[in-house]
Structures are given as C-alpha cells and as structure tokens.
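Data file: entry-v2.cif. Format and content: mmCIF, C-alpha atoms.
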```
data_upload
loop_
_atom_site.group_PDB
_atom_site.id
_atom_site.type_symbol
_atom_site.label_atom_id
_atom_site.label_comp_id
_atom_site.auth_asym_id
_atom_site.auth_seq_id
_atom_site.Cartn_x
_atom_site.Cartn_y
_atom_site.Cartn_z
ATOM 1 C CA MET K 140 47.546 191.870 -87.248
ATOM 2 C CA ILE K 141 46.104 190.375 -90.392
ATOM 3 C CA SER K 142 42.377 190.751 -90.727
ATOM 4 C CA VAL K 143 40.845 187.348 -91.333
ATOM 5 C CA LYS K 144 37.186 186.839 -92.108
ATOM 6 C CA LYS K 145 35.279 184.662 -89.693
ATOM 7 C CA LYS K 146 33.496 181.857 -91.518
ATOM 8 C CA GLY K 147 34.383 179.853 -94.585
ATOM 9 C CA ILE K 148 35.548 182.923 -96.516
ATOM 10 C CA ILE K 149 39.301 182.474 -96.685
ATOM 11 C CA THR K 150 40.186 180.738 -99.918
ATOM 12 C CA MET K 151 43.372 178.810 -100.548
ATOM 13 C CA ALA K 152 44.646 181.902 -102.376
ATOM 14 C CA ASN K 153 44.138 183.903 -99.179
ATOM 15 C CA LEU K 154 45.992 181.269 -97.181
ATOM 16 C CA TYR K 155 48.899 181.599 -99.612
ATOM 17 C CA GLU K 156 48.950 185.351 -98.941
ATOM 18 C CA ILE K 157 48.939 184.917 -95.166
ATOM 19 C CA PHE K 158 51.150 181.862 -94.665
ATOM 20 C CA LYS K 159 54.372 180.538 -96.156
ATOM 21 C CA ASP K 160 56.129 177.162 -96.256
ATOM 22 C CA ASN K 161 55.325 174.823 -93.346
ATOM 23 C CA ASP K 162 52.930 177.367 -91.792
ATOM 24 C CA LEU K 163 50.862 177.164 -94.980
ATOM 25 C CA VAL K 164 50.710 173.378 -94.737
ATOM 26 C CA ILE K 165 49.605 173.602 -91.093
ATOM 27 C CA ALA K 166 47.029 176.340 -91.752
ATOM 28 C CA SER K 167 45.591 174.396 -94.677
ATOM 29 C CA LYS K 168 45.265 171.248 -92.562
ATOM 30 C CA ILE K 169 43.601 173.178 -89.704
ATOM 31 C CA LYS K 170 41.112 174.736 -92.106
ATOM 32 C CA ARG K 171 40.376 171.404 -93.810
ATOM 33 C CA ARG K 172 39.788 169.598 -90.516
ATOM 34 C CA ARG K 173 37.594 172.393 -89.118
ATOM 35 C CA LEU K 174 35.403 172.360 -92.200
ATOM 36 C CA GLN K 175 35.241 168.561 -92.288
ATOM 37 C CA LEU K 176 34.265 168.362 -88.628
ATOM 38 C CA LEU K 177 31.685 171.139 -88.930
ATOM 39 C CA VAL K 178 29.989 169.624 -91.952
ATOM 40 C CA ASN K 179 30.078 166.044 -90.702
ATOM 41 C CA SER K 180 28.785 167.125 -87.284
ATOM 42 C CA CYS K 181 25.905 168.908 -89.002
ATOM 43 C CA ILE K 182 25.124 165.781 -90.997
ATOM 44 C CA TYR K 183 25.213 163.654 -87.840
ATOM 45 C CA TYR K 184 23.390 165.909 -85.371
ATOM 46 C CA ASN K 185 21.013 167.886 -87.595
ATOM 47 C CA MET K 186 20.287 165.397 -90.376
ATOM 48 C CA ASP K 187 20.512 162.155 -88.375
ATOM 49 C CA ASN K 188 22.829 160.700 -90.997
ATOM 50 C CA ASN K 189 26.520 160.113 -91.544
ATOM 51 C CA ILE K 190 28.925 159.876 -94.428
ATOM 52 C CA ILE K 191 32.030 159.006 -92.393
ATOM 53 C CA SER K 192 32.564 156.568 -89.556
ATOM 54 C CA ASP K 193 32.776 157.613 -85.910
ATOM 55 C CA ALA K 194 36.370 156.385 -85.946
ATOM 56 C CA GLN K 195 37.225 158.713 -88.840
ATOM 57 C CA TRP K 196 35.560 161.667 -87.082
ATOM 58 C CA ASP K 197 37.490 160.894 -83.874
ATOM 59 C CA LYS K 198 40.753 160.680 -85.810
ATOM 60 C CA TRP K 199 40.154 164.069 -87.452
ATOM 61 C CA ALA K 200 39.090 165.600 -84.115
ATOM 62 C CA LYS K 201 42.245 164.420 -82.335
ATOM 63 C CA GLU K 202 44.389 165.645 -85.215
ATOM 64 C CA LEU K 203 42.742 169.080 -85.137
ATOM 65 C CA VAL K 204 43.094 169.418 -81.366
ATOM 66 C CA ALA K 205 46.808 168.596 -81.656
ATOM 67 C CA LEU K 206 47.353 170.967 -84.594
ATOM 68 C CA GLN K 207 45.670 173.824 -82.750
ATOM 69 C CA SER K 208 47.503 173.077 -79.517
ATOM 70 C CA PHE K 209 50.949 172.968 -81.122
ATOM 71 C CA ASN K 210 50.284 175.906 -83.473
ATOM 72 C CA PRO K 211 48.152 178.441 -81.565
ATOM 73 C CA GLU K 212 49.280 181.512 -83.527
ATOM 74 C CA ILE K 213 48.521 179.882 -86.868
ATOM 75 C CA SER K 214 45.224 178.532 -85.535
ATOM 76 C CA LYS K 215 44.071 182.038 -84.553
ATOM 77 C CA LYS K 216 44.367 183.231 -88.150
ATOM 78 C CA VAL K 217 42.396 180.399 -89.755
ATOM 79 C CA ASP K 218 38.634 180.426 -90.391
ATOM 80 C CA TRP K 219 36.320 179.324 -87.597
ATOM 81 C CA TYR K 220 38.845 180.058 -84.845
ATOM 82 C CA ASP K 221 36.152 181.305 -82.443
ATOM 83 C CA ALA K 222 34.142 178.104 -82.826
ATOM 84 C CA PHE K 223 37.170 175.884 -82.184
ATOM 85 C CA LYS K 224 39.382 177.892 -79.792
ATOM 86 C CA ASP K 225 38.350 176.015 -76.623
ATOM 87 C CA TRP K 226 37.160 172.863 -78.368
ATOM 88 C CA ASP K 227 38.451 169.590 -76.915
ATOM 89 C CA GLY K 228 37.405 167.287 -79.754
ATOM 90 C CA SER K 229 34.989 165.238 -77.692
ATOM 91 C CA SER K 230 31.835 166.258 -79.561
ATOM 92 C CA GLY K 231 30.676 168.286 -82.522
ATOM 93 C CA ALA K 232 27.240 168.892 -81.000
ATOM 94 C CA PHE K 233 28.067 172.387 -79.794
ATOM 95 C CA LEU K 234 29.794 173.671 -82.912
ATOM 96 C CA PRO K 235 27.925 176.257 -85.065
ATOM 97 C CA LEU K 236 25.921 173.661 -86.969
ATOM 98 C CA LYS K 237 23.129 176.084 -87.925
ATOM 99 C CA ASP K 238 25.444 178.222 -90.057
ATOM 100 C CA LYS K 239 24.107 178.564 -93.617
ATOM 101 C CA TRP K 240 27.375 177.542 -95.271
ATOM 102 C CA VAL K 241 27.646 174.452 -93.043
ATOM 103 C CA ILE K 242 24.049 173.410 -93.722
ATOM 104 C CA ASP K 243 24.395 173.989 -97.463
ATOM 105 C CA LYS K 244 27.591 171.930 -97.679
ATOM 106 C CA ALA K 245 26.127 169.146 -95.512
ATOM 107 C CA SER K 246 23.025 169.036 -97.731
ATOM 108 C CA GLN K 247 25.175 168.920 -100.843
ATOM 109 C CA LEU K 248 27.259 166.032 -99.521
ATOM 110 C CA THR K 249 24.311 163.969 -98.287
ATOM 111 C CA SER K 250 22.553 164.501 -101.619
ATOM 112 C CA ALA K 251 25.661 163.307 -103.461
ATOM 113 C CA LYS K 252 25.885 160.251 -101.202
ATOM 114 C CA MET K 253 22.234 159.432 -101.865
ATOM 115 C CA GLN K 254 22.742 159.787 -105.631
ATOM 116 C CA ALA K 255 25.773 157.482 -105.494
ATOM 117 C CA ALA K 256 23.794 154.898 -103.502
ATOM 118 C CA THR K 257 20.974 155.048 -106.066
ATOM 119 C CA ILE K 258 23.439 154.496 -108.900
ATOM 120 C CA ASP K 259 24.858 151.486 -107.046
ATOM 121 C CA ILE K 260 21.364 150.023 -106.642
ATOM 122 C CA TYR K 261 20.663 150.354 -110.352
ATOM 123 C CA LYS K 262 24.027 148.822 -111.272
ATOM 124 C CA ASP K 263 23.157 145.740 -109.232
ATOM 125 C CA MET K 264 19.702 145.258 -110.774
ATOM 126 C CA ASP K 265 19.155 142.373 -113.140
ATOM 127 C CA TYR K 266 17.331 143.677 -116.204
ATOM 128 C CA ASN K 267 17.169 140.241 -117.855
ATOM 129 C CA LYS K 268 14.218 139.046 -115.795
#
```
Take the structure I supplied and represent it as structure tokens, if you would.
Amino acid sequence: MISVKKKGIITMANLYEIFKDNDLVIASKIKRRRLQLLVNSCIYYNMDNNIISDAQWDKWAKELVALQSFNPEISKKVDWYDAFKDWDGSSGAFLPLKDKWVIDKASQLTSAKMQAATIDIYKDMDYNK
C-alpha cells in the first residue's frame, strides 16, 4: 500500500506519482473538494463569515459524497480521508476545523476578501466633492 500523509501534505506532484489518467482526475477533484469544504466550513463555523453561498457549499458537498462513494479506493489514498470517510455532506461543523493549515488558509482567504471589498469601496468613492 502507498503511504499517504494525512493532512494537506500531498502536492499535485505526489498525486501524479500515485494516480494515472482518469484516477488522477478523480483524486484531484476529491482533494480539491475536501480542502474547499474544510476551509469554507472553518470560515463559516469558526469565523462567523462566508465567502461562498450555502448553495455552492451544498453543491460541492454532494459532489464530494458522490465521488467518494463511487471511488472508495481512490478516496482512501487522498488527503483527509479519515475526516471524510463517513461524512454524509450534511454539515461541515464536525470536520477538523481547528487544524492549523485549515485555520491559516481560512484566515488568508477572508483577509483577501476583506481587501477586495475595501478596494471596491474606494473605487466607488467620489473624490470630486
């Protein structure tokens, strides 16, 4: 069995070493959705904020549940398997939202969103008054 590190460590290069062809596409999508759902759940539950809609989160959750269900052997080899192995997609509240990587990424994204909003405010200001 291939040894796969547990959290956020497998890079795309590692995925290319482990998976080929369609399996690589599936593994990449599983990893992307897991990371997106972890980070956005952290933003929602721990930071009382959001950067995506509930509808978008639900869409990603349903997609991830289906990908994992139809591809269990691939799913087992992708980061964060333990956190998502019995996950039904109904909530992100019980995912590992206190993980340092998850918190750091959530903070980075919310900071970027705040900076973008500030730029938008300044663009709309009338300096001719």
Original post:
Which one of K:Val164, K:Ile242, K:Ile169, K:Leu248 sits closest to Leu203 of chain K if you count only C-alpha atoms?
Top reply: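 Closest residue, counting only C-alpha atoms: K:Ile169.
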**OP:** For Met186 of chain K, work out the shell of residues within 10 Å, counting all atoms listed in the file and skipping chain neighbours fewer than 3 positions away, then give it as a list in words.
**Re:**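 Skipping anything fewer than 3 positions along the chain leaves Asn179, Ser180, Cys181, Ile182, Tyr183, Asn189, Ile242, Ala245, Ser246 and Thr249 of chain K.
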Might I get the box with edges along x, y and z of the file that holds all atoms of segment 164-180 of chain K listed there, padded by 5 Å on every side, given as centre and edge lengths in Å to one decimal, as JSON?
```
{"center_x": 39.7, "center_y": 171.2, "center_z": -91.0, "size_x": 31.9, "size_y": 20.3, "size_z": 17.5}
```
Original post:
Got a sec to resolve the PyMOL selection byres ((chain K and resi 225) around 12) on this structure and send the residues as a VMD selection string?
Top reply: chain K and resid 203 to 204 207 to 208 211 214 to 215 219 to 224 226 to 229 233 to 234
Dump as an mmCIF file, in the frame of the given file, selection limited to C-alpha atoms:
```cif
data_model
loop_
_atom_site.group_PDB
_atom_site.id
_atom_site.type_symbol
_atom_site.label_atom_id
_atom_site.label_comp_id
_atom_site.auth_asym_id
_atom_site.auth_seq_id
_atom_site.Cartn_x
_atom_site.Cartn_y
_atom_site.Cartn_z
ATOM 1 C CA LEU K 203 42.742 169.080 -85.137
ATOM 2 C CA VAL K 204 43.094 169.418 -81.366
ATOM 3 C CA GLN K 207 45.670 173.824 -82.750
ATOM 4 C CA SER K 208 47.503 173.077 -79.517
ATOM 5 C CA PRO K 211 48.152 178.441 -81.565
ATOM 6 C CA SER K 214 45.224 178.532 -85.535
ATOM 7 C CA LYS K 215 44.071 182.038 -84.553
ATOM 8 C CA TRP K 219 36.320 179.324 -87.597
ATOM 9 C CA TYR K 220 38.845 180.058 -84.845
ATOM 10 C CA ASP K 221 36.152 181.305 -82.443
ATOM 11 C CA ALA K 222 34.142 178.104 -82.826
ATOM 12 C CA PHE K 223 37.170 175.884 -82.184
ATOM 13 C CA LYS K 224 39.382 177.892 -79.792
ATOM 14 C CA TRP K 226 37.160 172.863 -78.368
ATOM 15 C CA ASP K 227 38.451 169.590 -76.915
ATOM 16 C CA GLY K 228 37.405 167.287 -79.754
ATOM 17 C CA SER K 229 34.989 165.238 -77.692
ATOM 18 C CA PHE K 233 28.067 172.387 -79.794
ATOM 19 C CA LEU K 234 29.794 173.671 -82.912
#
```
**OP:** Write out as a PyMOL selection string which residues come within 12 Å of Lys168 of chain K when counting only C-alpha atoms, dropping same-chain ones fewer than 6 positions away.
**Re:** chain K and resi 151+154+161-162+174-175+199-200+202-207+210+213-214+217-218
Subject >> Separation of atom CA of Phe209 of chain K from atom CA of Ile190 of chain K, in Å and rounded to one decimal >> reply: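 Atom-to-atom, atom CA of Phe209 of chain K and atom CA of Ile190 of chain K are spaced 28.9 Å apart.
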**OP:** Pick out the closest residue to Asn153 of chain K from this set: K:Trp240, K:Lys216, K:Tyr184, K:Ser250. Count only C-alpha atoms.
**Re:** K:Lys216
Original post:
By how many Å are atom CA of Lys198 of chain K and atom CA of Leu177 of chain K apart?
Top reply: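 About the pair atom CA of Lys198 of chain K and atom CA of Leu177 of chain K: they are 14.2 Å apart.
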Original post:
Separation of atom CA of Glu212 of chain K and atom CA of Leu176 of chain K, in Å?
Top reply: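 Going from atom CA of Glu212 of chain K over to atom CA of Leu176 of chain K, I get 20.6 Å.
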**OP:** Determine the nearest neighbour of Ser230 of chain K from the options K:Glu156, K:Asp193, K:Asp187, K:Asp243, counting only C-alpha atoms.
**Re:** K:Asp193
Original post:
Of the residues K:Val178, K:Arg173, K:Phe158, K:Lys237, which is the one nearest to Lys201 of chain K, using all atoms listed in the file?
Top reply: K:Arg173
Subject >> Nearest residue to Tyr155 of chain K from the set K:Ser167, K:Gln195, K:Gln247, K:Asn188 (distances using all atoms listed in the file) >> reply: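 For Tyr155 of chain K, the nearest of the candidates is K:Ser167.
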Original post:
Which of these, K:Ala166, K:Gly231, K:Ile157, K:Val241, has the shortest distance to Asp197 of chain K once you count all atoms listed in the file?
Top reply: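 Among K:Ala166, K:Gly231, K:Ile157, K:Val241, it is K:Gly231 that comes nearest to Asp197 of chain K.
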